[in-house]
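This report refers to the structure that appears directly beneath it.
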Amino acid sequence: MKLHKFFSFVLIAGALALFAASCGSDDDDDTVATTAAPTTEAPAPPLRIAIVSPSASNDLAFSQSISDGVNALGDERNIDVAITDGTFVVEEAAAQIRAYADEGYDLVIAHGSQYGGSLEEIAPDYPDTTFAWGTAADTFGLDNVYAYTAAADQGGYVLGTMAGALTNSEVIGVVGPIEVGDAKLYVDGFKAGAEAQNSNANVSVVYIGSFSDVALATETAQAHVGQGADVMTGSAQMVVGAVGVAQNEGVLWFGTQADQRSLAPEIVVASQVYKWEVILQQIVDDMDSGASGGKAFVVTLENGGLEIAYNDAYDLPANVRQLAEDTIAGIIDGSISTS
Amino acid sequence: MPANSLQSQSQPESQSESPSPPSPYLLEMRGITKQFPGVLANDRVDFNVKAGEVHTLLGENGAGKSTLMNVLYGLHQPDEGEVRMNGEQLSISSPSDAIARGIGMVHQHFMLVPTLTVTENVALGLKSDRRPLTDLPTVEKRITELSQAYGLQVDPNAYVWQLAVGERQRVEILKALYREVSLLVLDEPTAVLTPQEVEELIAVLRQLATDGRGLVFISHKLHEVMSVSDRITVLRDGHVSGETTPAETSREQLAQMMVGRPVKLVPDKPEVDVGEVKLVIKDLEVEGDRGNLAVNGISLEVLAGEIFGLAGVSGNGQRELAQAIAGLREAKSGTVSIDGTDVTNAHPSSVRKAGLSYVPEERMRDGVVSGFSVSENMMLLSRRESEFARFGFMRFGAIKEHSSNLVDRFAVKTPNIDTPTRNLSGGNIQKLILARELSSSPKVILAAQPTRGVDIGAAEYINEQLAKQKANGCATLLVSEDLDEVLALADRIGVIYEGRLMDVIDAKTATPHQLGLLMAGVAKAA
Amino acid sequence: MNLLAIVDFSVVEIFAARSGWSGFFTLSTLVVTIAATIRLATPFVIASVGESVGQRSGVLNLGVDGVMLLGAFGAYYTTLETGSPWLGLAVGTGVGAVMGLVYAFITVTLHAQQGISGIGIYLFGLGMSDLLFRQLVGTPKPIGGFEGLFEFSVPETRFDVAYPDLYNHSILVYMAFLLVPAVTLLVNRTTFGMNVRAVGETPEAADSLGVSVTRTRYSTIIIANSLAGVAGAALALEKGIFIQNITNGMGFIAVALVYFGAWRPIGVMAGSLLFGLVNALVLQWKTLGIISGATAQLAEMAPAAVTIIALVVVTNRIGQPSALTQPFRRGAH
Ligand SMILES: Nc1ncnc2c1ncn2[C@@H]1O[C@H](COP(=O)(O)OP(=O)(O)OP(=O)(O)O)[C@@H](O)[C@H]1O
Ligand SMILES: [Mg+2]
């Protein structure tokens with residue numbers, strides 16, 4: 001009986017260890033020091049950056065955008081990156097943020113608006129560490145916290161005009177997660193763009209109430225199709241299921257947060273892509289100049305932090321492409337308002 | 001035939017062995033030893049059964065009877081000793097081995113699945129001819145045949161949870177008969193039966209023995225033992241203390257063999273001057289589980305220094321009446337008062353505060369927390385008493401002392417006071433409850449079947465305690481099916497039938513015959 | 001068809017006052033809603049009918065979600081590599097069976113506490129499926145699952161022509177609902193099922209008649225976990241995708257649905273359909289703009305709320321196996 005207890009302990013411990021290994025291994029995989037091209041000068045010690053993000057860093061959406069962004073920064077300078085992703089439990093994320101600060105990372109990125117509350121408590125305990133969190137505009141008045149966000153409404157507006165131009169049924173479906181943050185910005189911009197382009201268009205927006213419920217996202221897409229939608233878009237990582245519906249039903253899809261063309265090459269028209277490296281560069285530059293926070297940054301079409309990635313495999317009519325380019329220019333020069 | 005010649009050539013030893021006379025015994029258990037933590041439950045026990053006899057195993061609570069039988073049935077592995085059937089040595093490592101050898105067992109705690117029907121319970125574990133589907137009609141047919149052949153009436157399609165205890169007993173026996181056992185063990189089968197059912201059962205057992213089966217019978221009731229047994233083996237503290245036959249012995253002698261000292265089988269009835277009314281029940285109506293009126297307008301009074309015996313076949317409202325008094329079941333109408341305090345539908349703790357001690361019938365369910373230790377169970381009532389708790393924290397020193405004291409005084413057989421209660425034998429759990437209930441100097445005692453399943457030594461002790469409380473001026477309502485017990489202890493006897501009090505008789509003038517008629521619902525036999 | 005059209009018409013009239021509602025009460029929208037209900041309920045039906053078998057034998061597995069995730073990944077990855085969803089389904093089932101074996105070993109042979117062990121299985125499945133996905137696949141790649149591949153087509157009746165959505169489900173959906181009578185038959189009509197019921201209720205009684213509690217519980221646990229694997233596979237193959245935590249806690253709902261359905265496959269199915277229906281309705285109303293904003297957010301809680309309310313209402317626990325979560329040791333009473 002004692003032996004049994006011991007064995008079950010070993011077994012459960014083993015299972016947990018494997019699980020822990022699966023989490024821990026992210027660090028091993030991603031901590032490869034992305035050393036910049038060697039320069040002739042004596043290399044400065046690498047800048048150590050840690051990321052905590054709520055979904056998988058390869059989700060073709062929110063979390064991938066930040067890890068791609070940090071890795072792009074590595075092209076410019078000597079950095080050392082650690083990622084903990086998939087921490088959809090906020091408490092877990094908070095513990096990891098603390099751990100990174102303890103380990104002496106120079107910049108700890110809390111990539112999720114839901115982490116704000118935790119960060120507000122943690123940051124004051126580590127005055128020598130710089131934190132960045134997004135997507136948000138609030139630095140809590142702390143001088144070691146940067147906030148960053150995306151003007152996702154801009155790209156949304158551009159994609160919306162394209163959708164308004166491409167729809168035949170004049171029914172457009174949107175699969176949103178929860179009505180907050182850049183998802184809301186994107187969806188609002190998209191709707192405004194589509195309606196501005198096509199005053200007959202009926203843009204049906206459904207927030208499913210979850211960032212991760214693939215089944216519900218899929219059914220929502222199905223419901224849009226049932227109502228006659230021939231163009232759809234959606235935000236956050238759970239939309240992968242919705243893209244599948246679009247593919248099966250031959251409905252056009254617009255992506256955001258990352259380039260989603262690989263999910264369905266035939267029907268993805270274009271995606272809004274976040275280039276966080278643009279504002280990461282600004283943050284790092286600001287740090288180089290001695291500051292360590294207190295500012296908020298926004299990626300926009302103008303500063304190149306937002307890009308529209310067209311899918312070459314989709315045969316986009318030239319006039320629609322031109323419409324998109326004109327809209328981008330209009331937003332940048334201020335002649336078009338996205339709201 | 002070549003096969004034959006081969007056999008005779010290759011097994012010369014078996015041939016030379018075969019002339020030795022076949023074993024006279026159906027079952028032989030030799031030198032069985034079984035050690036539990038802190039208890040040597042069986043100590044080199046020899047026990048055997050012949051085909052066609054009823055061999056009774058007798059012994060105090062915790063003497064090791066169930067343990068010995070569980071070893072036989074493969075539920076426990078013995079530390080030492082061997083088991084033979086028809087002279088052949090067996091290794092029984094699980095119940096399926098025992099079943100395969102023709103051993104059947106009716107366990108002390110029923111082994112039935114309440115949510116299955118009678119037929120399903122019997123069919124469980126059997127090979128079906130319509131595999132993988134069940135073949136219940138065939139089983140049902142055979143059950144009907146068997147129950148007719150042995151007078152074991154039971155509805156094969158009823159769910160076991162719907163059955164009364166006596167019917168469940170029959171299902172257990174049918175299970176064994178269906179498997180065509182040659183040896184049937186019955187561990188305290190009569191503890192839960194009414195006197196009439198006991199008679200029926202004994203007749204069945206005799207018939208089974210006449211058919212050539214061997215039977216092992218376990219009971220604490222000496223008159224049953226004397227009437228059913230061919231042989232009797234007595235166990236004491238895990239070892240065999242004697243073997244005899246009914247012809248050679250008497251009840252007194254058996255009691256002495258079990259306990260190791262002379263036992264008073266008929267308790268003294270002290271003459272006590274009765275005092276004021278302590279328990280008043282007036283026009284009480286209580287609903288049963290199925291919404292029927294289980295208690296249908298009962299009124300009675302119990303005086304200080306008096307034992308009021310409530311006799312009746314179980315299932316006639318006793319349980320509901322007791323629960324209603326103790327505050328465990330809602331009274332539909334009528335009143336209950338204890339020592340002048342109205343406790344109708346009061347919380348159980350208020351009823352206790354008013355001065356009631358309650359010895360429940362379902363002792364495993366209502367009487368103890370089986371996972372708690374002996375001392376924790378002893379303390380259940382006095383949790384809040386300042387002697388044992390200070391600022392809500394338990395004072396373990398005082399608790400230990402008090403519990404050890406009670407365990408000694410009430411002779412509860414347990415390795416120590418920290419043993420989980422479920423490891424105690426049935427009779428010792430009953431003693432534990434009694435020790436707890438009687439140590440709180442109650443004004444009114446409600447004792448439901450206090451000596452059921454309890455060995456004679458313990459029964460003697462329990463009866464003594466009730467008599468002592470009576471002498472202290474306590475009013476006792478004794479609910480019992482055991483007419484001998486009621487007649488021996490009570491001053492007045494009421495008979496309950498279908499929720500009504502048939503009559504109340506002075507114990508001095510009451511006869512078993514008269515009470516038996518009342519119990520059967522024959523009104524006011526003149 | 002004519003009759004239906006009349007019903008359709010009158011309902012539209014009644015609700016014409018509110019434009020959104022009139023959009024909902026059209027036959028085609030109702031059909032779409034029912035179809036969505038069936039699809040949403042499918043993984044729950046498979047997982048919870050399976051789990052009901054395990055619980056009938058007295059074993060609770062809180063790790064259903066983890067096993068679903070592993071089954072989903074196994075099916076997804078196999079289909080991605082081989083292009084055969086059938087092979088994927090087989091692998092998903094097999095992965096579930098292996099997890100069942102592990103869980104049975106922990107809980108039956110080692111007598112470990114079931115609640116904790118189940119959570120262990122969940123965490124393992126959650127972590128392991130994600131790890132394997134990253135190592136072997138990387139970014140989400142769509143697969144051609146069952147969707148469109150094995151669609152069931154019924155003879156062309158007039159009704160079908162009008163409302164094919166009611167019938168055009170992948171074969172997995174049909175398999176899921178066929179499980180209900182199959183498991184009912186297994187539990188109620190076979191000797192194995194009788195053993196299962198006995199072992200879940202009074203294991204010592206079953207043991208005393210030579211029914212092996214260990215073997216029975218191993219079997220039910222493997223069945224339950226295999227079906228959890230199938231449920232995960234169904235999810236991945238229907239959606240044609242895998243992502244981290246794709247089940248989003250479905251396995252836990254499935255366990256709750258077993259209680260909801262009072263341990264009967266038909267009840268469990270009813271619970272799954274109710275859950276699916278509430279989800280589908282909320283979603284349909286949002287799509288039609290009938291509810292929006294704060295109302296919509298409130299409505300998002302409806303499925304969970306309905307489940308909790310139902311669980312509270314079904315408090316009498318009729319049908320709960322008495323030995324649920326209790327390890328069995330012979331001779332320890
Ligand atoms: N599983 C067990 N673990 C530990 N001790 C046990 C166990 N089963 C029985 N015992 C102890 O072994 C002793 C013999 O118990 P057993 O049940 O055989 O008594 P019994 O003669 O059947 O008594 P009763 O008449 O009360 O049923 C008792 O002291 C009991 O406490
Ligand atoms: Mg016993």
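Residues in the structure tokens are numbered from 1 in each chain, the chains being A, B, ... in the order shown, and ligands are numbered from 1 in the order shown.
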
Would you return as a PyMOL selection string the members of segment 135-246 of chain A that DSSP assigns to alpha helix (DSSP H) on this structure's backbone? chain A and resi 152-166+181-197+214-226+240-246

Next, dump the selected residues to file, keeping only C-alpha atoms, as a PDB file, in the first residue's frame.
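Result written to selection-v5.pdb:
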```pdb
ATOM      1  CA  ALA A 152      -5.824  48.813 -35.740  1.00  0.00           C
ATOM      2  CA  ASP A 153      -8.756  50.891 -36.920  1.00  0.00           C
ATOM      3  CA  GLN A 154      -6.562  52.230 -39.730  1.00  0.00           C
ATOM      4  CA  GLY A 155      -5.837  48.885 -41.318  1.00  0.00           C
ATOM      5  CA  GLY A 156      -9.356  47.803 -40.509  1.00  0.00           C
ATOM      6  CA  TYR A 157     -10.704  50.765 -42.436  1.00  0.00           C
ATOM      7  CA  VAL A 158      -8.540  49.958 -45.446  1.00  0.00           C
ATOM      8  CA  LEU A 159      -9.602  46.294 -45.440  1.00  0.00           C
ATOM      9  CA  GLY A 160     -13.196  47.415 -44.919  1.00  0.00           C
ATOM     10  CA  THR A 161     -13.191  49.536 -48.047  1.00  0.00           C
ATOM     11  CA  MET A 162     -11.840  46.585 -49.992  1.00  0.00           C
ATOM     12  CA  ALA A 163     -14.545  44.365 -48.537  1.00  0.00           C
ATOM     13  CA  GLY A 164     -17.208  46.917 -49.434  1.00  0.00           C
ATOM     14  CA  ALA A 165     -15.910  46.972 -52.979  1.00  0.00           C
ATOM     15  CA  LEU A 166     -15.682  43.182 -53.337  1.00  0.00           C
ATOM     16  CA  GLY A 181      -8.605  46.579 -27.174  1.00  0.00           C
ATOM     17  CA  ASP A 182      -7.294  46.404 -30.684  1.00  0.00           C
ATOM     18  CA  ALA A 183      -9.951  43.872 -31.680  1.00  0.00           C
ATOM     19  CA  LYS A 184     -12.613  46.493 -31.117  1.00  0.00           C
ATOM     20  CA  LEU A 185     -10.540  49.155 -32.903  1.00  0.00           C
ATOM     21  CA  TYR A 186     -10.058  46.862 -35.872  1.00  0.00           C
ATOM     22  CA  VAL A 187     -13.689  45.826 -36.101  1.00  0.00           C
ATOM     23  CA  ASP A 188     -14.959  49.398 -35.766  1.00  0.00           C
ATOM     24  CA  GLY A 189     -12.534  50.589 -38.433  1.00  0.00           C
ATOM     25  CA  PHE A 190     -13.449  47.728 -40.729  1.00  0.00           C
ATOM     26  CA  LYS A 191     -17.156  48.401 -40.389  1.00  0.00           C
ATOM     27  CA  ALA A 192     -16.684  52.130 -40.993  1.00  0.00           C
ATOM     28  CA  GLY A 193     -14.564  51.444 -44.067  1.00  0.00           C
ATOM     29  CA  ALA A 194     -17.002  48.960 -45.543  1.00  0.00           C
ATOM     30  CA  GLU A 195     -19.993  51.214 -44.991  1.00  0.00           C
ATOM     31  CA  ALA A 196     -18.170  54.246 -46.363  1.00  0.00           C
ATOM     32  CA  GLN A 197     -17.295  52.334 -49.507  1.00  0.00           C
ATOM     33  CA  VAL A 214     -12.605  27.781 -32.097  1.00  0.00           C
ATOM     34  CA  ALA A 215     -15.890  25.885 -32.251  1.00  0.00           C
ATOM     35  CA  LEU A 216     -17.967  28.968 -31.573  1.00  0.00           C
ATOM     36  CA  ALA A 217     -15.942  31.096 -33.991  1.00  0.00           C
ATOM     37  CA  THR A 218     -16.537  28.475 -36.654  1.00  0.00           C
ATOM     38  CA  GLU A 219     -20.262  28.392 -36.044  1.00  0.00           C
ATOM     39  CA  THR A 220     -20.405  32.168 -36.107  1.00  0.00           C
ATOM     40  CA  ALA A 221     -18.791  32.178 -39.511  1.00  0.00           C
ATOM     41  CA  GLN A 222     -21.292  29.549 -40.560  1.00  0.00           C
ATOM     42  CA  ALA A 223     -24.119  31.737 -39.314  1.00  0.00           C
ATOM     43  CA  HIS A 224     -22.792  34.696 -41.294  1.00  0.00           C
ATOM     44  CA  VAL A 225     -22.675  32.547 -44.402  1.00  0.00           C
ATOM     45  CA  GLY A 226     -26.205  31.412 -43.637  1.00  0.00           C
ATOM     46  CA  VAL A 240      -8.581  29.931 -37.608  1.00  0.00           C
ATOM     47  CA  GLY A 241     -11.812  27.933 -37.542  1.00  0.00           C
ATOM     48  CA  ALA A 242     -13.737  30.729 -39.197  1.00  0.00           C
ATOM     49  CA  VAL A 243     -11.150  30.927 -41.972  1.00  0.00           C
ATOM     50  CA  GLY A 244     -11.823  27.242 -42.589  1.00  0.00           C
ATOM     51  CA  VAL A 245     -15.519  27.960 -43.064  1.00  0.00           C
ATOM     52  CA  ALA A 246     -14.699  30.797 -45.452  1.00  0.00           C
TER      53      ALA A 246
END
```

Which residues sit within 7 Å of ligand 2, counting only C-alpha atoms and all ligand atoms, listed as a list of chain:residue names? B:Asn61, B:Gly62, B:Lys65, B:Ser66, B:Gln108, B:Asp187, B:Ser425, B:Gly426

Quick one: write out the picked residues with N, CA and C atoms as a short mmCIF file (atom, residue, chain, number, x, y, z; two decimals), in the first residue's frame?
```
data_model
loop_
_atom_site.label_atom_id
_atom_site.label_comp_id
_atom_site.auth_asym_id
_atom_site.auth_seq_id
_atom_site.Cartn_x
_atom_site.Cartn_y
_atom_site.Cartn_z
N ASN B 61 -18.29 -10.42 19.80
CA ASN B 61 -17.95 -9.45 18.76
C ASN B 61 -16.44 -9.33 18.68
N GLY B 62 -15.94 -9.41 17.47
CA GLY B 62 -14.50 -9.26 17.29
C GLY B 62 -13.72 -10.52 17.57
N LYS B 65 -14.83 -14.35 13.70
CA LYS B 65 -15.69 -15.22 12.90
C LYS B 65 -15.73 -14.75 11.46
N SER B 66 -16.04 -13.48 11.26
CA SER B 66 -16.13 -12.97 9.89
C SER B 66 -14.78 -13.08 9.21
N GLN B 108 -22.19 -10.67 6.29
CA GLN B 108 -22.78 -9.97 7.42
C GLN B 108 -23.40 -8.64 6.97
N ASP B 187 -23.21 -15.42 7.48
CA ASP B 187 -22.62 -14.64 8.56
C ASP B 187 -23.70 -13.77 9.20
N SER B 425 -15.48 -4.40 14.90
CA SER B 425 -16.55 -5.33 14.57
C SER B 425 -17.88 -4.70 14.93
N GLY B 426 -18.95 -5.25 14.31
CA GLY B 426 -20.27 -4.63 14.43
C GLY B 426 -20.70 -4.41 15.87
#
```

Contact table chain B vs ligand 1, cut-off 7 Å, shortest pair per residue, only C-alpha atoms and all ligand atoms, as JSON lines:
```
{"residue": "B:Phe36", "atom": "CA", "partner": "ligand 1", "partner_atom_place_in_ligand_line": "4 (C)", "distance": 4.9}
{"residue": "B:Pro37", "atom": "CA", "partner": "ligand 1", "partner_atom_place_in_ligand_line": "4 (C)", "distance": 5.9}
{"residue": "B:Val39", "atom": "CA", "partner": "ligand 1", "partner_atom_place_in_ligand_line": "29 (O)", "distance": 5.7}
{"residue": "B:Leu40", "atom": "CA", "partner": "ligand 1", "partner_atom_place_in_ligand_line": "12 (O)", "distance": 6.9}
{"residue": "B:Ala41", "atom": "CA", "partner": "ligand 1", "partner_atom_place_in_ligand_line": "12 (O)", "distance": 4.4}
{"residue": "B:Gly59", "atom": "CA", "partner": "ligand 1", "partner_atom_place_in_ligand_line": "21 (O)", "distance": 6.1}
{"residue": "B:Glu60", "atom": "CA", "partner": "ligand 1", "partner_atom_place_in_ligand_line": "25 (O)", "distance": 5.7}
{"residue": "B:Asn61", "atom": "CA", "partner": "ligand 1", "partner_atom_place_in_ligand_line": "26 (O)", "distance": 3.4}
{"residue": "B:Gly62", "atom": "CA", "partner": "ligand 1", "partner_atom_place_in_ligand_line": "19 (O)", "distance": 3.3}
{"residue": "B:Ala63", "atom": "CA", "partner": "ligand 1", "partner_atom_place_in_ligand_line": "21 (O)", "distance": 3.9}
{"residue": "B:Gly64", "atom": "CA", "partner": "ligand 1", "partner_atom_place_in_ligand_line": "18 (O)", "distance": 3.2}
{"residue": "B:Lys65", "atom": "CA", "partner": "ligand 1", "partner_atom_place_in_ligand_line": "21 (O)", "distance": 3.8}
{"residue": "B:Ser66", "atom": "CA", "partner": "ligand 1", "partner_atom_place_in_ligand_line": "22 (O)", "distance": 3.7}
{"residue": "B:Thr67", "atom": "CA", "partner": "ligand 1", "partner_atom_place_in_ligand_line": "18 (O)", "distance": 3.7}
{"residue": "B:Leu68", "atom": "CA", "partner": "ligand 1", "partner_atom_place_in_ligand_line": "18 (O)", "distance": 6.5}
{"residue": "B:Lys413", "atom": "CA", "partner": "ligand 1", "partner_atom_place_in_ligand_line": "29 (O)", "distance": 6.5}
{"residue": "B:Thr414", "atom": "CA", "partner": "ligand 1", "partner_atom_place_in_ligand_line": "31 (O)", "distance": 6.1}
{"residue": "B:Asn423", "atom": "CA", "partner": "ligand 1", "partner_atom_place_in_ligand_line": "31 (O)", "distance": 4.9}
{"residue": "B:Leu424", "atom": "CA", "partner": "ligand 1", "partner_atom_place_in_ligand_line": "31 (O)", "distance": 3.9}
{"residue": "B:Ser425", "atom": "CA", "partner": "ligand 1", "partner_atom_place_in_ligand_line": "26 (O)", "distance": 3.9}
{"residue": "B:Gly426", "atom": "CA", "partner": "ligand 1", "partner_atom_place_in_ligand_line": "26 (O)", "distance": 4.1}
{"residue": "B:Gly427", "atom": "CA", "partner": "ligand 1", "partner_atom_place_in_ligand_line": "26 (O)", "distance": 4.3}
{"residue": "B:Asn428", "atom": "CA", "partner": "ligand 1", "partner_atom_place_in_ligand_line": "26 (O)", "distance": 6.3}
{"residue": "B:Gly453", "atom": "CA", "partner": "ligand 1", "partner_atom_place_in_ligand_line": "25 (O)", "distance": 6.8}
{"residue": "B:Val454", "atom": "CA", "partner": "ligand 1", "partner_atom_place_in_ligand_line": "25 (O)", "distance": 6.7}
{"residue": "B:Asp455", "atom": "CA", "partner": "ligand 1", "partner_atom_place_in_ligand_line": "25 (O)", "distance": 6.3}
```

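Here the question is which of C:Val268, C:Ala234, C:Leu110, C:Met99 gets nearest to Ile171 of chain C using only C-alpha atoms, and that residue is C:Ala234.
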
Compile the contact shell of Glu204 of chain C as a list in words: residues with an atom at most 8 Å away, counting only C-alpha atoms, same-chain residues fewer than 4 positions apart removed. Met111 of chain B; Val199, Ser208, Phe328 and Arg330 of chain C

Can you write out as a tab-separated table which residues of chain B fall within 8 Å of chain C, alongside each residue's closest atom pair and its distance in Å to one decimal, counting only C-alpha atoms and ordering rows by chain and ascending residue number?
```
residue	atom	partner	partner_atom	distance
B:Leu75	CA	C:Gly331	CA	5.4
B:His76	CA	C:Gly331	CA	6.1
B:Ser94	CA	C:Gly210	CA	7.4
B:Pro95	CA	C:Ser208	CA	5.3
B:Ser96	CA	C:Gly210	CA	3.9
B:Asp97	CA	C:Gly210	CA	7.8
B:Ile99	CA	C:Gly210	CA	7.3
B:Phe110	CA	C:Ala205	CA	7.9
B:Met111	CA	C:Ala205	CA	4.2
B:Leu112	CA	C:Ala205	CA	5.5
B:Val113	CA	C:Thr202	CA	5.5
B:Pro114	CA	C:Glu201	CA	7.8
B:Thr115	CA	C:Glu201	CA	7.4
B:Leu116	CA	C:Ala198	CA	7.5
B:Glu120	CA	C:Met194	CA	7.5
B:Leu124	CA	C:Asn195	CA	6.6
B:Gly125	CA	C:Val211	CA	5.1
B:Ser128	CA	C:Thr191	CA	7.2
B:Arg131	CA	C:Thr191	CA	7.2
B:Pro132	CA	C:Thr190	CA	5.5
B:Leu133	CA	C:Thr190	CA	3.9
B:Thr134	CA	C:Thr190	CA	4.9
B:Arg422	CA	C:His333	CA	7.2
B:Asn423	CA	C:His333	CA	7.8
```

Which residues are near Glu437 of chain B? Cut-off 12 Å, only C-alpha atoms, ignore same chain within fewer than 5 positions. Put them as a ChimeraX atom specification. /B:352,355-360,367-368,377-382,406,410,430-432,442-447,450,462,465-466,469

Residues within 12 Å of Val278 of chain C, only C-alpha atoms, excluding chain neighbours under 4 positions, as a list of chain:residue names: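 These residues fall inside the cut-off: A:Leu216, C:Thr33, C:Ile34, C:Ala36, C:Thr37, C:Ile38, C:Leu40, C:Ala41, C:Gly271, C:Ser272, C:Leu273, C:Leu274, C:Val282, C:Leu283, C:Gln284, C:Trp285, C:Ala299, C:Glu300, C:Met301, C:Ala302, C:Pro303, C:Ala304, C:Ala305, C:Val306, C:Thr307.
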
Write out as a PyMOL selection string each polymer residue whose atoms come within 8 Å of Ala229 of chain A, counting only C-alpha atoms; drop sequence neighbours fewer than 3 positions from it. chain A and resi 169-173+224-226+232+251

Select residues of chain C: the criterion is any atom within 6 Å of an atom of chain A, counting only C-alpha atoms; output as a ChimeraX atom specification. /C:106,110,124,127,131,139,141-142,239,248,286-287

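The shell of residues at most 8 Å from segment 279-286 of chain A, with only C-alpha atoms counted and near chain neighbours (fewer than 5 positions) removed, consists of A:Gly69, A:Val70, A:Leu73, A:Tyr146, A:Tyr148, A:Ala291, A:Ser292, A:Phe297, A:Val298, A:Val299, A:Gly305.
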
Hey, what does DSSP flag as strand (DSSP E) within segment 49-208 of chain A? Can you give it to me as an MDAnalysis selection string? chainID A and resid 49:52 79:84 107:111 130:134 145:150 171:176 202:207
